[in-house]
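One structure is given here, and the rest of the page talks about it.
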Amino acid sequence: MAFMAEETEAVTKRFEDFGLPQVLLANVVRHGYSKPTPIQDQAIPALTAGRDVVGIANTGTGKTAAFLLPLIQKVMLERNQRVLIVAPTRELALQIVEEFGAFTRDLGLGVALCIGGAGIGGQMQRLRERPNFVIGTPGRLKDLINRGVLRAEVFGNIVLDEVDRMLDIGFRRDILFLISKLPKKRQAAFFSATMSQESEKIMRELLTDPVTISVKKRETLEQIQQDVVTIKQGESKVEVLYKMLLQDGFEKVLVFGRTKHGVRKLERQLFERGIRVSSIHGNKSQNARQRSLEEFKEGRVQALLATDVVARGIDIDGVTHVINFDEPMTYLDYVHRIGRTGRAGKMGKALTFVT
């Protein structure tokens, strides 16, 4: 398999240079995009040319638009084209759908969101309408294929987003199952923040002669002030966190805990102390998880408590602080957690509680 790798931060093009239809370009501008990010600058022309693409880039680098825009253009030119986009979590799948909606305003393109934690009946009905785009999580997509409602062989375009995260949370078999059901002739894109041996195996199953684009991101040290908070013997972690949240500047705080039970307990303890707080974890229904995210994004709660389910793939503007209430299991988990702050050129702060 041949690779053509480019590792760059330089942006050489404008959105106008990609040959996008005017109505799509207008939606891009309306959505607030002024110039391409490095991954968009390289991936959009490659996908537009019909090439398979490997994109190695962190969350927050503009990957979603990098694959959505050329595929939307492709479907606009050939309305019989079908696109399947696979994401590791419900939240990321929903975020992709929201971005899709902004880009396809007035274009008449259909989309189906297929995720767990939501009623499967409505999703099955939506699939029967043959939408151009299907966006979902591996487990639910496999379930729909097994029920005979989703026919993977009709999708000539496939995107796997955040592949390393999918592998982290145990979706390897489901991904290989999906790939086995795809047509032999297809265009595919594969996006991941890291490339492990397992990721590479899946990439080789999926892609043919891909263009590989590796976009370096600034070191987190440059935009995130990191510090350790030592919890002394006899001190309460909850009280230390509570007093922090009363300080000026802690306006939009993302707090990470290790377990669902611990996050629920911490939410109750902070709520009882008068903090505007919400939580997101695997035991919550999809509607409840989305409601918590919206409350946090809109500033109706000060602190969002989360397990690592949201450490990757969720783009929340203006997070002032990330607090590791429980230490992350690995350094990679730490990097993904603190990467929720210090985005879009803004400085952020990351604090880790250590006992």
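Chain labels run A, B, ... following the order of the structure tokens; each chain numbers its residues from 1, and ligands are numbered from 1 in the order shown.
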
_Could you go through range 103-202 of chain A and tell me which residues DSSP, when run on the backbone, assigns to helix (DSSP H, G or I), listing them as JSON, numbers by chain?_
{"A": [103, 120, 121, 122, 123, 124, 125, 126, 127, 128, 138, 139, 140, 141, 142, 143, 144, 145, 146, 152, 153, 154, 163, 164, 165, 166, 167, 168, 172, 173, 174, 175, 176, 177, 178, 179, 180, 181, 197, 198, 199, 200, 201, 202]}

File dump, residues just selected, N, CA and C atoms, as a compact mmCIF listing (two decimals), in the first residue's frame:
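Saved file out_12.txt follows:
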# COMPACT_ATOMS: atom_id res chain seq x y z
N PHE A 103 -24.26 22.83 7.33
CA PHE A 103 -23.69 22.87 5.99
C PHE A 103 -24.72 22.61 4.89
N ILE A 120 -35.03 2.78 18.77
CA ILE A 120 -34.58 2.22 17.50
C ILE A 120 -35.68 2.27 16.44
N GLY A 121 -36.94 2.31 16.88
CA GLY A 121 -38.06 2.32 15.92
C GLY A 121 -38.01 3.51 14.99
N GLY A 122 -37.81 4.71 15.55
CA GLY A 122 -37.74 5.91 14.74
C GLY A 122 -36.55 5.88 13.79
N GLN A 123 -35.44 5.31 14.24
CA GLN A 123 -34.25 5.20 13.40
C GLN A 123 -34.50 4.24 12.23
N MET A 124 -35.21 3.15 12.50
CA MET A 124 -35.54 2.20 11.44
C MET A 124 -36.43 2.85 10.39
N GLN A 125 -37.39 3.63 10.86
CA GLN A 125 -38.29 4.32 9.93
C GLN A 125 -37.51 5.33 9.08
N ARG A 126 -36.59 6.04 9.70
CA ARG A 126 -35.79 7.03 8.96
C ARG A 126 -34.94 6.34 7.90
N LEU A 127 -34.38 5.18 8.21
CA LEU A 127 -33.55 4.46 7.24
C LEU A 127 -34.36 3.98 6.04
N ARG A 128 -35.63 3.66 6.27
CA ARG A 128 -36.48 3.20 5.16
C ARG A 128 -36.71 4.31 4.14
N PRO A 138 -20.96 2.35 16.25
CA PRO A 138 -20.78 1.00 15.71
C PRO A 138 -21.80 -0.03 16.19
N GLY A 139 -22.09 -0.03 17.50
CA GLY A 139 -23.01 -1.03 18.03
C GLY A 139 -24.41 -0.92 17.45
N ARG A 140 -24.94 0.29 17.39
CA ARG A 140 -26.29 0.48 16.86
C ARG A 140 -26.33 0.19 15.35
N LEU A 141 -25.30 0.59 14.62
CA LEU A 141 -25.25 0.31 13.18
C LEU A 141 -25.24 -1.20 12.92
N LYS A 142 -24.46 -1.94 13.72
CA LYS A 142 -24.42 -3.40 13.58
C LYS A 142 -25.79 -4.00 13.86
N ASP A 143 -26.45 -3.51 14.89
CA ASP A 143 -27.79 -3.99 15.24
C ASP A 143 -28.76 -3.77 14.08
N LEU A 144 -28.70 -2.61 13.47
CA LEU A 144 -29.61 -2.28 12.36
C LEU A 144 -29.30 -3.14 11.11
N ILE A 145 -28.03 -3.44 10.90
CA ILE A 145 -27.66 -4.34 9.79
C ILE A 145 -28.22 -5.73 10.05
N ASN A 146 -28.05 -6.22 11.28
CA ASN A 146 -28.54 -7.55 11.62
C ASN A 146 -30.07 -7.65 11.54
N ALA A 152 -25.48 -2.15 4.37
CA ALA A 152 -24.18 -1.48 4.27
C ALA A 152 -23.63 -1.51 2.85
N GLU A 153 -24.05 -2.49 2.05
CA GLU A 153 -23.49 -2.62 0.70
C GLU A 153 -23.89 -1.49 -0.23
N VAL A 154 -24.87 -0.67 0.15
CA VAL A 154 -25.28 0.44 -0.72
C VAL A 154 -24.45 1.70 -0.48
N VAL A 163 -10.95 6.72 15.28
CA VAL A 163 -10.81 5.26 15.30
C VAL A 163 -10.12 4.79 16.58
N ASP A 164 -9.11 5.50 17.03
CA ASP A 164 -8.42 5.06 18.24
C ASP A 164 -9.36 5.03 19.44
N ARG A 165 -10.27 5.99 19.50
CA ARG A 165 -11.25 6.00 20.59
C ARG A 165 -12.21 4.82 20.46
N MET A 166 -12.63 4.48 19.23
CA MET A 166 -13.50 3.32 19.03
C MET A 166 -12.83 2.05 19.54
N LEU A 167 -11.54 1.92 19.28
CA LEU A 167 -10.81 0.74 19.75
C LEU A 167 -10.68 0.76 21.26
N ASP A 168 -10.45 1.95 21.84
CA ASP A 168 -10.32 2.08 23.30
C ASP A 168 -11.55 1.55 24.01
N ARG A 172 -13.73 -2.92 18.23
CA ARG A 172 -12.93 -3.50 17.15
C ARG A 172 -13.74 -4.47 16.29
N ARG A 173 -14.42 -5.41 16.92
CA ARG A 173 -15.18 -6.42 16.17
C ARG A 173 -16.31 -5.78 15.37
N ASP A 174 -16.98 -4.81 15.98
CA ASP A 174 -18.08 -4.15 15.28
C ASP A 174 -17.59 -3.39 14.06
N ILE A 175 -16.40 -2.75 14.18
CA ILE A 175 -15.85 -2.02 13.04
C ILE A 175 -15.51 -2.98 11.90
N LEU A 176 -14.85 -4.09 12.24
CA LEU A 176 -14.49 -5.07 11.21
C LEU A 176 -15.74 -5.67 10.58
N PHE A 177 -16.78 -5.87 11.38
CA PHE A 177 -18.07 -6.36 10.86
C PHE A 177 -18.63 -5.39 9.83
N LEU A 178 -18.63 -4.09 10.17
CA LEU A 178 -19.15 -3.07 9.25
C LEU A 178 -18.34 -3.05 7.95
N ILE A 179 -17.02 -3.09 8.08
CA ILE A 179 -16.16 -3.06 6.89
C ILE A 179 -16.45 -4.26 5.99
N SER A 180 -16.68 -5.42 6.61
CA SER A 180 -16.94 -6.64 5.83
C SER A 180 -18.22 -6.56 5.02
N LYS A 181 -19.14 -5.70 5.42
CA LYS A 181 -20.43 -5.58 4.73
C LYS A 181 -20.42 -4.49 3.65
N GLN A 197 -1.08 -0.25 16.43
CA GLN A 197 -1.03 -1.42 15.56
C GLN A 197 -2.44 -1.84 15.14
N GLU A 198 -3.36 -1.80 16.10
CA GLU A 198 -4.75 -2.19 15.81
C GLU A 198 -5.39 -1.22 14.83
N SER A 199 -5.12 0.09 15.03
CA SER A 199 -5.66 1.09 14.10
C SER A 199 -5.15 0.84 12.69
N GLU A 200 -3.88 0.52 12.59
CA GLU A 200 -3.29 0.30 11.27
C GLU A 200 -3.90 -0.91 10.57
N LYS A 201 -4.21 -1.96 11.34
CA LYS A 201 -4.85 -3.14 10.75
C LYS A 201 -6.21 -2.77 10.15
N ILE A 202 -6.97 -1.99 10.89
CA ILE A 202 -8.29 -1.58 10.40
C ILE A 202 -8.14 -0.67 9.18

Residue contacts of Gln187 in chain A (12 Å, only C-alpha atoms) excluding same-chain residues fewer than 4 positions away, as a PDB file with N, CA and C atoms, in the first residue's frame:
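The resulting file, selection.pdb, is shown below:
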ATOM      1  N   ALA A  46      -8.128  16.162  -1.514  1.00  0.00           N
ATOM      2  CA  ALA A  46      -7.884  14.731  -1.731  1.00  0.00           C
ATOM      3  C   ALA A  46      -9.200  13.963  -1.839  1.00  0.00           C
ATOM      4  N   LEU A  47     -10.135  14.245  -0.941  1.00  0.00           N
ATOM      5  CA  LEU A  47     -11.429  13.560  -0.986  1.00  0.00           C
ATOM      6  C   LEU A  47     -12.225  13.990  -2.212  1.00  0.00           C
ATOM      7  N   THR A  48     -12.162  15.263  -2.572  1.00  0.00           N
ATOM      8  CA  THR A  48     -12.848  15.751  -3.767  1.00  0.00           C
ATOM      9  C   THR A  48     -12.333  15.047  -5.022  1.00  0.00           C
ATOM     10  N   ALA A  49     -11.028  14.702  -5.025  1.00  0.00           N
ATOM     11  CA  ALA A  49     -10.414  14.017  -6.163  1.00  0.00           C
ATOM     12  C   ALA A  49     -10.729  12.523  -6.170  1.00  0.00           C
ATOM     13  N   GLY A  50     -11.480  12.051  -5.151  1.00  0.00           N
ATOM     14  CA  GLY A  50     -11.861  10.647  -5.113  1.00  0.00           C
ATOM     15  C   GLY A  50     -10.882   9.742  -4.404  1.00  0.00           C
ATOM     16  N   ARG A  51      -9.863  10.315  -3.757  1.00  0.00           N
ATOM     17  CA  ARG A  51      -8.861   9.510  -3.066  1.00  0.00           C
ATOM     18  C   ARG A  51      -9.366   9.052  -1.703  1.00  0.00           C
ATOM     19  N   ASP A  52      -8.851   7.919  -1.228  1.00  0.00           N
ATOM     20  CA  ASP A  52      -9.012   7.535   0.163  1.00  0.00           C
ATOM     21  C   ASP A  52      -8.052   8.376   0.993  1.00  0.00           C
ATOM     22  N   VAL A  53      -8.448   8.667   2.235  1.00  0.00           N
ATOM     23  CA  VAL A  53      -7.660   9.576   3.069  1.00  0.00           C
ATOM     24  C   VAL A  53      -7.472   9.000   4.464  1.00  0.00           C
ATOM     25  N   VAL A  54      -6.248   9.089   4.968  1.00  0.00           N
ATOM     26  CA  VAL A  54      -5.948   8.869   6.380  1.00  0.00           C
ATOM     27  C   VAL A  54      -5.631  10.235   6.966  1.00  0.00           C
ATOM     28  N   PHE A  67     -14.156  16.129   6.207  1.00  0.00           N
ATOM     29  CA  PHE A  67     -14.778  15.038   5.438  1.00  0.00           C
ATOM     30  C   PHE A  67     -16.203  15.352   5.009  1.00  0.00           C
ATOM     31  N   PRO A  70     -16.457  17.749   1.299  1.00  0.00           N
ATOM     32  CA  PRO A  70     -16.307  17.076   0.002  1.00  0.00           C
ATOM     33  C   PRO A  70     -17.364  15.999  -0.246  1.00  0.00           C
ATOM     34  N   LEU A  71     -17.833  15.341   0.818  1.00  0.00           N
ATOM     35  CA  LEU A  71     -18.848  14.304   0.626  1.00  0.00           C
ATOM     36  C   LEU A  71     -20.217  14.917   0.347  1.00  0.00           C
ATOM     37  N   LYS A  74     -20.089  15.810  -3.229  1.00  0.00           N
ATOM     38  CA  LYS A  74     -20.209  14.609  -4.057  1.00  0.00           C
ATOM     39  C   LYS A  74     -21.667  14.185  -4.197  1.00  0.00           C
ATOM     40  N   GLN A  81     -25.643   8.844  -4.474  1.00  0.00           N
ATOM     41  CA  GLN A  81     -24.540   8.482  -3.582  1.00  0.00           C
ATOM     42  C   GLN A  81     -25.044   8.373  -2.144  1.00  0.00           C
ATOM     43  N   ARG A  82     -24.508   7.390  -1.407  1.00  0.00           N
ATOM     44  CA  ARG A  82     -24.857   7.206   0.009  1.00  0.00           C
ATOM     45  C   ARG A  82     -23.581   7.262   0.836  1.00  0.00           C
ATOM     46  N   VAL A  83     -23.671   7.866   1.999  1.00  0.00           N
ATOM     47  CA  VAL A  83     -22.502   8.088   2.859  1.00  0.00           C
ATOM     48  C   VAL A  83     -22.783   7.525   4.251  1.00  0.00           C
ATOM     49  N   LEU A  84     -21.861   6.713   4.773  1.00  0.00           N
ATOM     50  CA  LEU A  84     -21.956   6.164   6.128  1.00  0.00           C
ATOM     51  C   LEU A  84     -20.804   6.720   6.954  1.00  0.00           C
ATOM     52  N   ILE A  85     -21.152   7.369   8.072  1.00  0.00           N
ATOM     53  CA  ILE A  85     -20.142   7.966   8.952  1.00  0.00           C
ATOM     54  C   ILE A  85     -20.269   7.310  10.329  1.00  0.00           C
ATOM     55  N   PHE A 155     -23.568   1.665   0.524  1.00  0.00           N
ATOM     56  CA  PHE A 155     -22.814   2.864   0.875  1.00  0.00           C
ATOM     57  C   PHE A 155     -21.457   2.842   0.174  1.00  0.00           C
ATOM     58  N   GLY A 156     -21.339   3.675  -0.840  1.00  0.00           N
ATOM     59  CA  GLY A 156     -20.088   3.777  -1.576  1.00  0.00           C
ATOM     60  C   GLY A 156     -19.090   4.727  -0.945  1.00  0.00           C
ATOM     61  N   ASN A 157     -19.492   5.332   0.183  1.00  0.00           N
ATOM     62  CA  ASN A 157     -18.624   6.284   0.876  1.00  0.00           C
ATOM     63  C   ASN A 157     -18.696   5.992   2.372  1.00  0.00           C
ATOM     64  N   ILE A 158     -17.532   5.866   3.007  1.00  0.00           N
ATOM     65  CA  ILE A 158     -17.490   5.509   4.422  1.00  0.00           C
ATOM     66  C   ILE A 158     -16.450   6.363   5.133  1.00  0.00           C
ATOM     67  N   VAL A 159     -16.811   6.852   6.316  1.00  0.00           N
ATOM     68  CA  VAL A 159     -15.870   7.599   7.161  1.00  0.00           C
ATOM     69  C   VAL A 159     -15.840   6.940   8.533  1.00  0.00           C
ATOM     70  N   LEU A 160     -14.648   6.604   9.006  1.00  0.00           N
ATOM     71  CA  LEU A 160     -14.465   6.176  10.393  1.00  0.00           C
ATOM     72  C   LEU A 160     -13.784   7.334  11.120  1.00  0.00           C
ATOM     73  N   LEU A 182     -19.363  -3.704   3.577  1.00  0.00           N
ATOM     74  CA  LEU A 182     -19.312  -2.605   2.611  1.00  0.00           C
ATOM     75  C   LEU A 182     -19.031  -3.125   1.201  1.00  0.00           C
ATOM     76  N   PRO A 183     -19.414  -2.361   0.182  1.00  0.00           N
ATOM     77  CA  PRO A 183     -19.087  -2.767  -1.189  1.00  0.00           C
ATOM     78  C   PRO A 183     -17.577  -2.696  -1.424  1.00  0.00           C
ATOM     79  N   LEU A 206      -9.698  -1.164   5.315  1.00  0.00           N
ATOM     80  CA  LEU A 206     -10.682  -0.207   4.816  1.00  0.00           C
ATOM     81  C   LEU A 206     -10.240   0.515   3.551  1.00  0.00           C
ATOM     82  N   LEU A 207      -8.945   0.894   3.479  1.00  0.00           N
ATOM     83  CA  LEU A 207      -8.496   1.878   2.496  1.00  0.00           C
ATOM     84  C   LEU A 207      -7.709   1.270   1.340  1.00  0.00           C
ATOM     85  N   THR A 208      -7.724   1.980   0.225  1.00  0.00           N
ATOM     86  CA  THR A 208      -6.932   1.618  -0.948  1.00  0.00           C
ATOM     87  C   THR A 208      -6.071   2.812  -1.350  1.00  0.00           C
ATOM     88  N   ASP A 209      -4.749   2.613  -1.321  1.00  0.00           N
ATOM     89  CA  ASP A 209      -3.795   3.627  -1.768  1.00  0.00           C
ATOM     90  C   ASP A 209      -4.137   5.025  -1.238  1.00  0.00           C
ATOM     91  N   PRO A 210      -4.186   5.187   0.086  1.00  0.00           N
ATOM     92  CA  PRO A 210      -4.671   6.467   0.627  1.00  0.00           C
ATOM     93  C   PRO A 210      -3.619   7.572   0.619  1.00  0.00           C
ATOM     94  N   VAL A 211      -4.115   8.792   0.602  1.00  0.00           N
ATOM     95  CA  VAL A 211      -3.301   9.958   0.943  1.00  0.00           C
ATOM     96  C   VAL A 211      -3.282  10.039   2.465  1.00  0.00           C
TER      97      VAL A 211
END

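Shortest separation to Lys297 in chain A among A:Lys252, A:Ser236, A:Arg276, A:Val309 occurs at residue A:Lys252, atoms counted being only C-alpha atoms.
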
*Check the DSSP output for the backbone and give back, as a PyMOL selection string, the residues of range 231-348 of chain A in strand (DSSP E).*
chain A and resi 253-256+277-280+303-306+321-324+348

Please produce an output containing N, CA and C atoms for each residue in the selection, written as a PDB file, in the first residue's frame.
ATOM      1  N   VAL A 253     -16.473  25.049  33.830  1.00  0.00           N
ATOM      2  CA  VAL A 253     -15.510  24.084  34.349  1.00  0.00           C
ATOM      3  C   VAL A 253     -15.951  22.661  34.018  1.00  0.00           C
ATOM      4  N   LEU A 254     -15.042  21.914  33.410  1.00  0.00           N
ATOM      5  CA  LEU A 254     -15.285  20.510  33.098  1.00  0.00           C
ATOM      6  C   LEU A 254     -14.506  19.670  34.102  1.00  0.00           C
ATOM      7  N   VAL A 255     -15.230  18.835  34.857  1.00  0.00           N
ATOM      8  CA  VAL A 255     -14.627  18.046  35.933  1.00  0.00           C
ATOM      9  C   VAL A 255     -14.702  16.574  35.557  1.00  0.00           C
ATOM     10  N   PHE A 256     -13.555  15.881  35.576  1.00  0.00           N
ATOM     11  CA  PHE A 256     -13.514  14.475  35.208  1.00  0.00           C
ATOM     12  C   PHE A 256     -13.394  13.575  36.427  1.00  0.00           C
ATOM     13  N   VAL A 277     -24.715  22.606  38.566  1.00  0.00           N
ATOM     14  CA  VAL A 277     -23.912  21.486  38.096  1.00  0.00           C
ATOM     15  C   VAL A 277     -24.780  20.483  37.346  1.00  0.00           C
ATOM     16  N   SER A 278     -24.179  19.810  36.391  1.00  0.00           N
ATOM     17  CA  SER A 278     -24.844  18.716  35.698  1.00  0.00           C
ATOM     18  C   SER A 278     -23.793  17.643  35.423  1.00  0.00           C
ATOM     19  N   SER A 279     -24.232  16.501  34.887  1.00  0.00           N
ATOM     20  CA  SER A 279     -23.274  15.416  34.664  1.00  0.00           C
ATOM     21  C   SER A 279     -23.602  14.660  33.386  1.00  0.00           C
ATOM     22  N   ILE A 280     -22.597  13.948  32.915  1.00  0.00           N
ATOM     23  CA  ILE A 280     -22.766  13.113  31.733  1.00  0.00           C
ATOM     24  C   ILE A 280     -21.935  11.849  31.927  1.00  0.00           C
ATOM     25  N   ALA A 303     -20.569  23.925  36.115  1.00  0.00           N
ATOM     26  CA  ALA A 303     -19.669  22.777  36.049  1.00  0.00           C
ATOM     27  C   ALA A 303     -20.371  21.585  35.416  1.00  0.00           C
ATOM     28  N   LEU A 304     -19.666  20.915  34.529  1.00  0.00           N
ATOM     29  CA  LEU A 304     -20.141  19.666  33.939  1.00  0.00           C
ATOM     30  C   LEU A 304     -19.228  18.553  34.436  1.00  0.00           C
ATOM     31  N   LEU A 305     -19.815  17.561  35.090  1.00  0.00           N
ATOM     32  CA  LEU A 305     -19.054  16.425  35.602  1.00  0.00           C
ATOM     33  C   LEU A 305     -19.159  15.283  34.603  1.00  0.00           C
ATOM     34  N   ALA A 306     -18.042  14.640  34.338  1.00  0.00           N
ATOM     35  CA  ALA A 306     -18.044  13.653  33.262  1.00  0.00           C
ATOM     36  C   ALA A 306     -17.080  12.515  33.537  1.00  0.00           C
ATOM     37  N   HIS A 321     -11.663  25.898  32.619  1.00  0.00           N
ATOM     38  CA  HIS A 321     -10.839  24.978  33.407  1.00  0.00           C
ATOM     39  C   HIS A 321     -11.252  23.525  33.141  1.00  0.00           C
ATOM     40  N   VAL A 322     -10.262  22.652  33.100  1.00  0.00           N
ATOM     41  CA  VAL A 322     -10.498  21.215  33.210  1.00  0.00           C
ATOM     42  C   VAL A 322      -9.904  20.778  34.544  1.00  0.00           C
ATOM     43  N   ILE A 323     -10.717  20.091  35.346  1.00  0.00           N
ATOM     44  CA  ILE A 323     -10.243  19.610  36.645  1.00  0.00           C
ATOM     45  C   ILE A 323     -10.319  18.089  36.663  1.00  0.00           C
ATOM     46  N   ASN A 324      -9.174  17.457  36.887  1.00  0.00           N
ATOM     47  CA  ASN A 324      -9.130  16.003  37.047  1.00  0.00           C
ATOM     48  C   ASN A 324      -9.378  15.691  38.520  1.00  0.00           C
ATOM     49  N   GLY A 348      -6.165  28.132  28.462  1.00  0.00           N
ATOM     50  CA  GLY A 348      -6.994  27.354  29.377  1.00  0.00           C
ATOM     51  C   GLY A 348      -6.167  26.896  30.561  1.00  0.00           C
TER      52      GLY A 348
END

*asked:* Quick one: residues within 8 Å of Arg90 in chain A, only C-alpha atoms, excluding same-chain residues fewer than 6 positions away - as JSON, numbers by chain?
replied: {"A": [115, 116, 136, 137, 286]}

Export of the given selection (C-alpha atoms) as an mmCIF file, in the first residue's frame:
data_model
loop_
_atom_site.group_PDB
_atom_site.id
_atom_site.type_symbol
_atom_site.label_atom_id
_atom_site.label_comp_id
_atom_site.auth_asym_id
_atom_site.auth_seq_id
_atom_site.Cartn_x
_atom_site.Cartn_y
_atom_site.Cartn_z
ATOM 1 C CA ILE A 115 -27.147 5.720 18.061
ATOM 2 C CA GLY A 116 -27.788 3.709 21.184
ATOM 3 C CA GLY A 136 -24.055 6.487 13.911
ATOM 4 C CA THR A 137 -22.164 4.475 16.488
ATOM 5 C CA GLN A 286 -29.176 9.967 25.385
#

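Between CA of Gly299 in chain A and CA of Gly274 in chain A there is a distance of 15.7 Å.
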
_I want to know what sits within 9 Å of range 227-235 of chain A, based on only C-alpha atoms, with residues of the same chain fewer than 6 positions away left out; could you give that as an MDAnalysis selection string?_
chainID A and resid 349:355

*Can you work out which one of A:Leu68, A:Gln269, A:Gly55, A:Arg79 has the shortest atom-to-atom distance to Gln42 in chain A, counting only C-alpha atoms?*
A:Gly55

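Minimum atom-to-atom distances from A:Phe190, A:Tyr334, A:Phe325, A:Phe133 to Ala43 in chain A were compared using only C-alpha atoms, and the lowest value belongs to A:Phe190.
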
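For the choices A:Val111, A:Pro88, A:Gln40, A:Leu270, the atom-to-atom distance to Val301 in chain A is smallest for A:Leu270 when using only C-alpha atoms.
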
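Put simply, CA of Gln225 in chain A is 17.2 Å away from CA of Asp333 in chain A.
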
*Which one of A:Thr59, A:Ala118, A:Val75, A:Gly257 sits closest to Lys237 in chain A if you count only C-alpha atoms?*
A:Gly257

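Here CA of Pro45 in chain A is placed at a distance of 27.6 Å from CA of Ile316 in chain A.
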
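Using only C-alpha atoms, the nearest neighbour of Val29 in chain A within the list A:Gly62, A:Ala102, A:Glu78, A:Glu205 is A:Ala102.
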